[in-house]
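Text of start_0.txt, listed as compact mmCIF, C-alpha atoms and all ligand atoms:
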```txt
# COMPACT_ATOMS: atom_id res chain seq x y z
CA MET V 9 84.55 159.79 139.15
CA LYS V 10 86.28 157.39 141.53
CA ASN V 11 87.52 154.11 140.07
CA SER V 12 86.06 155.21 136.78
CA HIS V 13 87.14 153.52 133.61
CA ALA V 14 86.65 154.86 130.09
CA LEU V 15 87.32 153.68 126.58
CA VAL V 16 88.20 156.30 123.97
CA ILE V 17 87.47 155.62 120.31
CA PHE V 18 90.77 156.87 119.06
CA SER V 19 91.90 157.55 115.49
CA GLY V 20 95.00 159.68 116.07
CA GLY V 21 93.31 162.77 114.65
CA GLN V 22 92.90 166.13 116.36
CA ASP V 23 89.41 165.44 117.66
CA SER V 24 89.89 161.99 119.17
CA THR V 25 93.27 163.00 120.63
CA THR V 26 91.59 165.96 122.36
CA CYS V 27 88.93 163.50 123.59
CA LEU V 28 91.68 161.26 124.96
CA LEU V 29 93.24 164.18 126.81
CA TRP V 30 89.80 165.10 128.18
CA ALA V 31 89.24 161.51 129.30
CA LEU V 32 92.61 161.39 131.07
CA ARG V 33 91.48 164.45 133.04
CA ASN V 34 88.06 163.01 133.90
CA PHE V 35 88.54 159.26 134.47
CA ASP V 36 90.87 157.22 136.68
CA LYS V 37 91.66 154.68 134.01
CA VAL V 38 91.59 155.23 130.26
CA GLU V 39 92.11 152.88 127.35
CA THR V 40 91.97 153.45 123.60
CA LEU V 41 90.51 151.49 120.72
CA ASN V 42 91.59 152.19 117.15
CA PHE V 43 89.64 151.02 114.13
CA HIS V 44 91.22 150.13 110.87
CA TYR V 45 88.61 150.16 108.11
CA GLY V 46 90.67 150.22 104.97
CA GLN V 47 91.51 153.95 104.93
CA ARG V 48 93.49 155.15 101.95
CA HIS V 49 96.58 155.63 104.13
CA SER V 50 97.75 154.33 107.52
CA ILE V 51 99.37 157.58 108.68
CA GLU V 52 96.61 158.39 111.18
CA GLN V 53 96.92 154.93 112.71
CA GLN V 54 100.69 155.33 113.12
CA CYS V 55 100.07 158.67 114.83
CA ALA V 56 97.48 157.06 117.12
CA GLU V 57 99.88 154.39 118.30
CA LYS V 58 102.62 156.94 118.92
CA ILE V 59 100.33 159.29 120.87
CA ALA V 60 98.99 156.42 123.04
CA LYS V 61 102.57 155.43 123.85
CA LYS V 62 103.48 159.03 124.70
CA LEU V 63 100.47 159.38 127.00
CA ASN V 64 101.07 155.92 128.45
CA VAL V 65 97.57 154.57 127.75
CA ALA V 66 96.61 151.10 126.56
CA TYR V 67 96.10 150.93 122.80
CA GLN V 68 94.25 148.26 120.88
CA GLU V 69 93.58 148.02 117.14
CA VAL V 70 90.49 146.35 115.70
CA ASP V 71 90.25 145.42 112.04
CA LEU V 72 86.98 146.50 110.40
CA SER V 73 88.37 146.52 106.88
CA PHE V 74 85.25 144.77 105.55
CA LEU V 75 83.61 148.24 105.74
CA LYS V 76 85.56 149.14 102.64
CA GLU V 77 83.79 146.39 100.72
CA LEU V 78 80.26 147.48 101.68
CA SER V 79 79.93 150.91 100.12
CA PRO V 80 82.15 153.19 98.06
CA ASN V 81 83.50 156.34 99.71
CA ALA V 82 86.54 158.55 99.37
CA LEU V 83 88.12 157.58 102.70
CA THR V 84 88.68 153.98 101.70
CA SER V 85 89.27 154.36 97.98
CA GLN V 86 90.88 156.73 95.52
CA ASN V 87 87.45 158.30 94.77
CA GLU V 88 87.59 162.06 94.54
CA ILE V 89 87.26 163.89 97.88
CA SER V 90 84.44 166.39 97.53
CA LEU V 91 82.03 168.19 99.84
CA GLU V 92 79.00 166.78 98.07
CA GLY V 93 78.03 164.02 95.70
CA GLY V 94 78.34 161.15 98.17
CA PHE V 95 75.47 159.16 99.70
CA LYS V 96 72.43 161.50 100.13
CA ASN V 97 74.63 164.21 98.61
CA LEU V 98 76.81 164.20 101.73
CA PRO V 99 80.60 164.65 101.35
CA SER V 100 82.19 161.75 99.49
CA THR V 101 84.11 160.92 102.69
CA PHE V 102 80.94 159.84 104.52
CA VAL V 103 81.11 156.11 105.33
CA ILE V 104 77.58 154.73 105.69
CA GLY V 105 77.01 153.27 109.15
CA ARG V 106 80.56 153.84 110.33
CA ASN V 107 79.90 155.53 113.66
CA ALA V 108 77.07 153.13 114.56
CA LEU V 109 79.45 150.25 113.88
CA PHE V 110 82.34 151.87 115.80
CA LEU V 111 80.19 152.41 118.88
CA THR V 112 78.73 148.91 118.72
CA VAL V 113 82.14 147.26 118.41
CA ALA V 114 83.58 149.54 121.11
CA THR V 115 80.91 148.43 123.59
CA SER V 116 81.37 144.81 122.57
CA TRP V 117 85.05 145.15 123.46
CA GLY V 118 84.59 147.45 126.44
CA LEU V 119 81.61 145.93 128.28
CA ALA V 120 83.46 142.60 128.31
CA ARG V 121 86.09 144.47 130.34
CA GLY V 122 83.61 146.21 132.62
CA ILE V 123 83.69 149.57 130.83
CA GLU V 124 80.40 151.50 130.58
CA ASP V 125 81.85 154.92 129.70
CA TYR V 126 82.81 155.61 126.09
CA VAL V 127 84.38 158.78 124.73
CA PHE V 128 83.78 159.69 121.12
CA GLY V 129 84.87 162.75 119.13
CA ALA V 130 81.60 163.42 117.33
CA CYS V 131 80.89 167.10 116.68
CA GLN V 132 77.79 168.75 115.27
CA VAL V 133 79.44 172.17 114.76
CA ASP V 134 81.79 172.76 111.80
CA TYR V 135 80.98 169.18 110.91
CA SER V 136 80.58 167.99 107.38
CA GLY V 137 76.87 167.23 107.67
CA TYR V 138 77.34 163.64 108.79
CA PRO V 139 74.07 162.49 110.42
CA ASP V 140 75.94 160.06 112.70
CA CYS V 141 77.81 162.94 114.36
CA ARG V 142 74.65 164.55 115.74
CA GLN V 143 73.71 164.51 119.42
CA SER V 144 70.36 162.87 118.59
CA PHE V 145 72.11 159.87 117.02
CA ILE V 146 74.59 159.55 119.90
CA ASP V 147 71.76 159.63 122.50
CA SER V 148 69.80 157.06 120.52
CA GLN V 149 72.81 154.78 120.09
CA ALA V 150 73.64 154.92 123.81
CA GLN V 151 70.07 153.89 124.57
CA THR V 152 70.12 151.12 121.96
CA LEU V 153 73.42 149.71 123.21
CA SER V 154 72.20 149.89 126.81
CA LEU V 155 69.03 147.99 125.90
CA ALA V 156 70.99 145.49 123.82
CA THR V 157 73.32 144.66 126.70
CA ASP V 158 71.26 145.35 129.83
CA SER V 159 73.92 147.90 130.79
CA ALA V 160 74.15 151.63 131.35
CA VAL V 161 76.22 152.63 128.33
CA LYS V 162 77.25 156.28 128.42
CA ILE V 163 78.71 157.96 125.34
CA HIS V 164 80.61 161.13 126.21
CA THR V 165 81.10 163.60 123.36
CA PRO V 166 83.11 166.52 124.79
CA LEU V 167 83.48 168.15 121.36
CA MET V 168 79.81 167.93 120.35
CA ASN V 169 79.18 171.68 120.46
CA LEU V 170 82.70 172.97 119.92
CA SER V 171 83.96 174.61 116.75
CA LYS V 172 87.41 173.52 115.54
CA ALA V 173 88.81 176.72 117.08
CA LYS V 174 87.25 175.78 120.44
CA THR V 175 88.68 172.26 120.12
CA PHE V 176 92.16 173.82 119.79
CA GLN V 177 91.35 175.93 122.85
CA LEU V 178 90.31 172.83 124.82
CA ALA V 179 93.61 171.13 123.94
CA GLN V 180 95.39 174.22 125.23
CA GLU V 181 93.37 174.19 128.47
CA LEU V 182 94.31 170.53 128.87
CA GLY V 183 97.97 171.53 128.50
CA ALA V 184 98.49 169.64 125.28
CA LEU V 185 98.27 172.09 122.38
CA ASP V 186 101.82 171.22 121.24
CA LEU V 187 101.00 167.51 121.26
CA VAL V 188 97.91 168.14 119.10
CA LEU V 189 99.82 170.33 116.64
CA GLU V 190 102.82 168.01 116.35
CA GLU V 191 101.46 164.49 116.69
CA THR V 192 97.86 164.38 115.47
CA HIS V 193 96.91 163.76 111.88
CA THR V 194 93.85 165.12 110.06
CA CYS V 195 94.75 165.34 106.35
CA TYR V 196 92.73 163.02 104.11
CA MET V 197 95.70 162.64 101.78
CA GLY V 198 98.06 161.33 104.49
CA GLU V 199 100.50 164.16 103.84
CA ARG V 200 103.03 164.52 106.67
CA SER V 201 106.06 166.03 105.06
CA VAL V 202 104.79 169.61 105.14
CA LYS V 203 104.36 171.35 108.51
CA HIS V 204 102.13 174.39 108.85
CA GLU V 205 101.45 176.46 111.98
CA TRP V 206 98.29 174.32 112.45
CA GLY V 207 100.04 170.97 111.99
CA TYR V 208 100.95 168.64 109.13
CA GLY V 209 98.93 168.17 105.95
CA CYS V 210 98.51 168.84 102.25
CA GLY V 211 96.85 172.18 103.00
CA THR V 212 94.21 171.74 100.30
CA CYS V 213 91.87 168.85 101.24
CA PRO V 214 88.65 169.68 103.19
CA ALA V 215 90.08 168.25 106.44
CA CYS V 216 93.17 170.46 106.19
CA GLY V 217 90.97 173.42 105.30
CA LEU V 218 88.83 172.96 108.41
CA ARG V 219 91.86 172.52 110.65
CA GLU V 220 93.62 175.58 109.21
CA LYS V 221 90.51 177.76 109.54
CA GLY V 222 89.98 176.60 113.13
CA TYR V 223 93.58 177.24 114.11
CA LYS V 224 93.55 180.74 112.59
CA GLU V 225 90.41 181.62 114.54
CA PHE V 226 91.88 180.16 117.74
CA SER V 227 95.17 182.07 117.18
CA SER V 228 93.25 185.34 116.90
CA TRP V 229 92.06 184.85 120.52
CA LEU V 230 95.62 184.52 121.91
ZN ZN M 1 95.06 167.52 103.53
```

Show me this structure written as structure tokens.
Ligand code: ZN
Amino acid sequence: MKNSHALVIFSGGQDSTTCLLWALRNFDKVETLNFHYGQRHSIEQQCAEKIAKKLNVAYQEVDLSFLKELSPNALTSQNEISLEGGFKNLPSTFVIGRNALFLTVATSWGLARGIEDYVFGACQVDYSGYPDCRQSFIDSQAQTLSLATDSAVKIHTPLMNLSKAKTFQLAQELGALDLVLEETHTCYMGERSVKHEWGYGCGTCPACGLREKGYKEFSSWL
């Protein structure tokens, strides 16, 4: 895509970092937007800033910390992290309306700068059951944002149908497996002092569990 310009919604985790690497391969110019929404730790954000610097891409933080005040969840409080028992019996880490808000704010920031292409790490495989990670929601939101702004908003989700193992494989194909293993952060607990073969983390929270399982499967293909 000649003279193409994309904005990556970028948290510093494995998925959005892989999306950033994908975007750098597919667009001429890439920028990143990081959302702070009152997460229980700021480790992921520190990783995001460092990775953006390493990859030499523009990095901008937006404060959405009011999200924390709207509804209780385990990402923005000390509530127990569990795979059920949250809103609609989803995992307690589900933040109601988060992805709809992220995409809306991203287009508000991006369209003002002439950007119609957005890259988002939503995934409907191996995902935790979040309804706002499904392709149907992404398609609907792209249409809504296009109608709302008289623009042609495109939301690219390169990980939509990839398992975690396949996401590791994509990072490898993009020549950045080491970067993903060393610099990205996934662990809900913000643990970064313990390094495993699959990266840093507590090794026991659901996010670590998913990352470990994915890496083991990916390793078995090597
Ligand atoms: Zn963990």

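Between ligand ZN 1 (chain M) and the candidates V:Glu225, V:Glu205, V:Glu124, V:Glu199, the tightest atom-to-atom separation, counting all atoms listed in the file, involves V:Glu199.
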
Who sits within 10 Å of His193 of chain V, only C-alpha atoms, same chain under 2 positions skipped, as a CSV table (one decimal) with C-alpha atoms, in the coordinates of the input:
```csv
chain,number,residue,atom,x,y,z
V,19,SER,CA,91.9,157.6,115.5
V,20,GLY,CA,95.0,159.7,116.1
V,21,GLY,CA,93.3,162.8,114.6
V,22,GLN,CA,92.9,166.1,116.4
V,23,ASP,CA,89.4,165.4,117.7
V,25,THR,CA,93.3,163.0,120.6
V,51,ILE,CA,99.4,157.6,108.7
V,52,GLU,CA,96.6,158.4,111.2
V,53,GLN,CA,96.9,154.9,112.7
V,54,GLN,CA,100.7,155.3,113.1
V,55,CYS,CA,100.1,158.7,114.8
V,56,ALA,CA,97.5,157.1,117.1
V,188,VAL,CA,97.9,168.1,119.1
V,189,LEU,CA,99.8,170.3,116.6
V,190,GLU,CA,102.8,168.0,116.4
V,191,GLU,CA,101.5,164.5,116.7
V,195,CYS,CA,94.8,165.3,106.4
V,196,TYR,CA,92.7,163.0,104.1
V,198,GLY,CA,98.1,161.3,104.5
V,199,GLU,CA,100.5,164.2,103.8
V,200,ARG,CA,103.0,164.5,106.7
V,207,GLY,CA,100.0,171.0,112.0
V,208,TYR,CA,101.0,168.6,109.1
V,209,GLY,CA,98.9,168.2,106.0
V,215,ALA,CA,90.1,168.2,106.4
V,216,CYS,CA,93.2,170.5,106.2
```

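Shortest separation to ligand ZN 1 (chain M) among V:Ala60, V:Trp229, V:Glu220, V:His164 occurs at residue V:Glu220, atoms counted being all atoms listed in the file.
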
Residue contacts of His13 of chain V (7 Å, only C-alpha atoms) excluding same-chain residues fewer than 2 positions away, as JSON, numbers by chain: {"V": [11, 35, 36, 37, 38, 123, 125]}

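With only C-alpha atoms and all ligand atoms as the basis for measurement, V:Ile89 is the residue among V:Ile146, V:Ile89, V:Val133, V:Val65 that approaches ligand ZN 1 (chain M) most closely.
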
Distance query segment 150-162 of chain V at most 12 Å, only C-alpha atoms, self and fewer than 2 positions along chain excluded, as a VMD selection string: chain V and resid 13 to 16 107 to 116 118 to 120 122 to 128 143 to 148 164 to 165

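For the point (82.2, 161.4, 115.5), the residues with an atom at a distance of at most 8 Å are Asn107, Phe128, Gly129, Ala130, Cys131, Asp140 and Cys141 of chain V, counting all atoms listed in the file.
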
Nearest residue to Glu57 of chain V from the set V:Leu182, V:Thr40, V:Asp71, V:Ser85 (distances using all atoms listed in the file): V:Thr40

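In this model, the gap between atom CA of Thr101 of chain V and atom CA of Thr84 of chain V comes to 8.4 Å.
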
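Closest to Lys224 of chain V among V:Ala31, V:Ala173, V:Leu41, V:Leu83 is V:Ala173, based on all atoms listed in the file.
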
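By only C-alpha atoms, and with residues fewer than 3 positions from Trp30 of chain V along its chain excluded, the set lying at most 8 Å from it is Thr26, Cys27, Arg33, Asn34, Pro166 and Leu182 of chain V.
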
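Between Thr175 of chain V and the residues V:Ser201, V:Ser24, V:Asn81, V:Asn64, the shortest atom-to-atom distance, using all atoms listed in the file, involves V:Ser24.
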
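Interatomic distance, atom CA of Gln149 of chain V against atom CA of Trp117 of chain V: 15.9 Å.
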
Polymer residues at most 12 Å from Ser73 of chain V, all atoms listed in the file, same-chain spacing of 4 or more positions, as a list in words: Phe43, His44, Tyr45, Gly46, Gln47, Arg48, Glu69, Glu77, Leu78, Ser79, Leu83, Thr84, Ser85, Arg106 and Leu109 of chain V

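Computed from the coordinates, the atom CA of Leu178 of chain V to atom CA of Arg142 of chain V distance equals 19.9 Å.
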
Could you get me a file of segment 198-216 of chain V with N, CA, C and O atoms, as a short mmCIF file (atom, residue, chain, number, x, y, z; two decimals), in the first residue's frame, taken from the block above?
```
data_model
loop_
_atom_site.label_atom_id
_atom_site.label_comp_id
_atom_site.auth_asym_id
_atom_site.auth_seq_id
_atom_site.Cartn_x
_atom_site.Cartn_y
_atom_site.Cartn_z
N GLY V 198 1.90 -8.36 36.55
CA GLY V 198 3.00 -7.40 36.37
C GLY V 198 4.35 -7.96 36.79
O GLY V 198 5.29 -7.22 37.02
N GLU V 199 4.43 -9.29 36.84
CA GLU V 199 5.68 -9.94 37.28
C GLU V 199 6.71 -9.92 36.14
O GLU V 199 6.45 -10.40 35.06
N ARG V 200 7.88 -9.34 36.42
CA ARG V 200 8.93 -9.28 35.39
C ARG V 200 10.29 -9.71 35.89
O ARG V 200 11.31 -9.52 35.24
N SER V 201 10.30 -10.28 37.09
CA SER V 201 11.61 -10.67 37.61
C SER V 201 11.95 -12.12 37.28
O SER V 201 13.08 -12.54 37.40
N VAL V 202 10.93 -12.87 36.85
CA VAL V 202 11.18 -14.28 36.52
C VAL V 202 11.05 -14.49 35.01
O VAL V 202 10.03 -14.18 34.42
N LYS V 203 12.13 -15.01 34.40
CA LYS V 203 12.11 -15.26 32.95
C LYS V 203 11.92 -16.75 32.68
O LYS V 203 12.61 -17.58 33.25
N HIS V 204 10.97 -17.05 31.82
CA HIS V 204 10.74 -18.43 31.39
C HIS V 204 11.15 -18.52 29.92
O HIS V 204 11.43 -17.50 29.30
N GLU V 205 11.07 -19.70 29.33
CA GLU V 205 11.42 -19.81 27.90
C GLU V 205 10.42 -19.02 27.04
O GLU V 205 10.75 -18.57 25.95
N TRP V 206 9.21 -18.81 27.57
CA TRP V 206 8.17 -18.09 26.81
C TRP V 206 8.10 -16.60 27.14
O TRP V 206 7.25 -15.88 26.62
N GLY V 207 8.97 -16.14 28.02
CA GLY V 207 8.99 -14.71 28.38
C GLY V 207 8.88 -14.52 29.88
O GLY V 207 9.03 -15.48 30.65
N TYR V 208 8.61 -13.29 30.30
CA TYR V 208 8.54 -12.99 31.73
C TYR V 208 7.11 -13.15 32.25
O TYR V 208 6.16 -12.94 31.51
N GLY V 209 6.97 -13.47 33.52
CA GLY V 209 5.64 -13.54 34.12
C GLY V 209 5.61 -14.40 35.36
O GLY V 209 6.57 -15.12 35.65
N CYS V 210 4.47 -14.34 36.05
CA CYS V 210 4.32 -15.08 37.31
C CYS V 210 4.23 -16.59 37.05
O CYS V 210 4.55 -17.39 37.92
N GLY V 211 3.75 -16.95 35.85
CA GLY V 211 3.66 -18.37 35.50
C GLY V 211 2.38 -19.02 35.98
O GLY V 211 2.14 -20.19 35.67
N THR V 212 1.54 -18.30 36.71
CA THR V 212 0.33 -18.93 37.24
C THR V 212 -0.98 -18.24 36.84
O THR V 212 -2.03 -18.87 36.85
N CYS V 213 -0.94 -16.94 36.46
CA CYS V 213 -2.19 -16.26 36.10
C CYS V 213 -2.67 -16.77 34.73
O CYS V 213 -1.90 -17.37 33.99
N PRO V 214 -3.95 -16.55 34.38
CA PRO V 214 -4.47 -17.07 33.11
C PRO V 214 -3.70 -16.56 31.88
O PRO V 214 -3.52 -17.29 30.91
N ALA V 215 -3.22 -15.31 31.94
CA ALA V 215 -2.49 -14.76 30.79
C ALA V 215 -1.16 -15.48 30.61
O ALA V 215 -0.77 -15.82 29.48
N CYS V 216 -0.48 -15.75 31.71
CA CYS V 216 0.78 -16.50 31.64
C CYS V 216 0.51 -17.92 31.14
O CYS V 216 1.26 -18.46 30.32
#
```
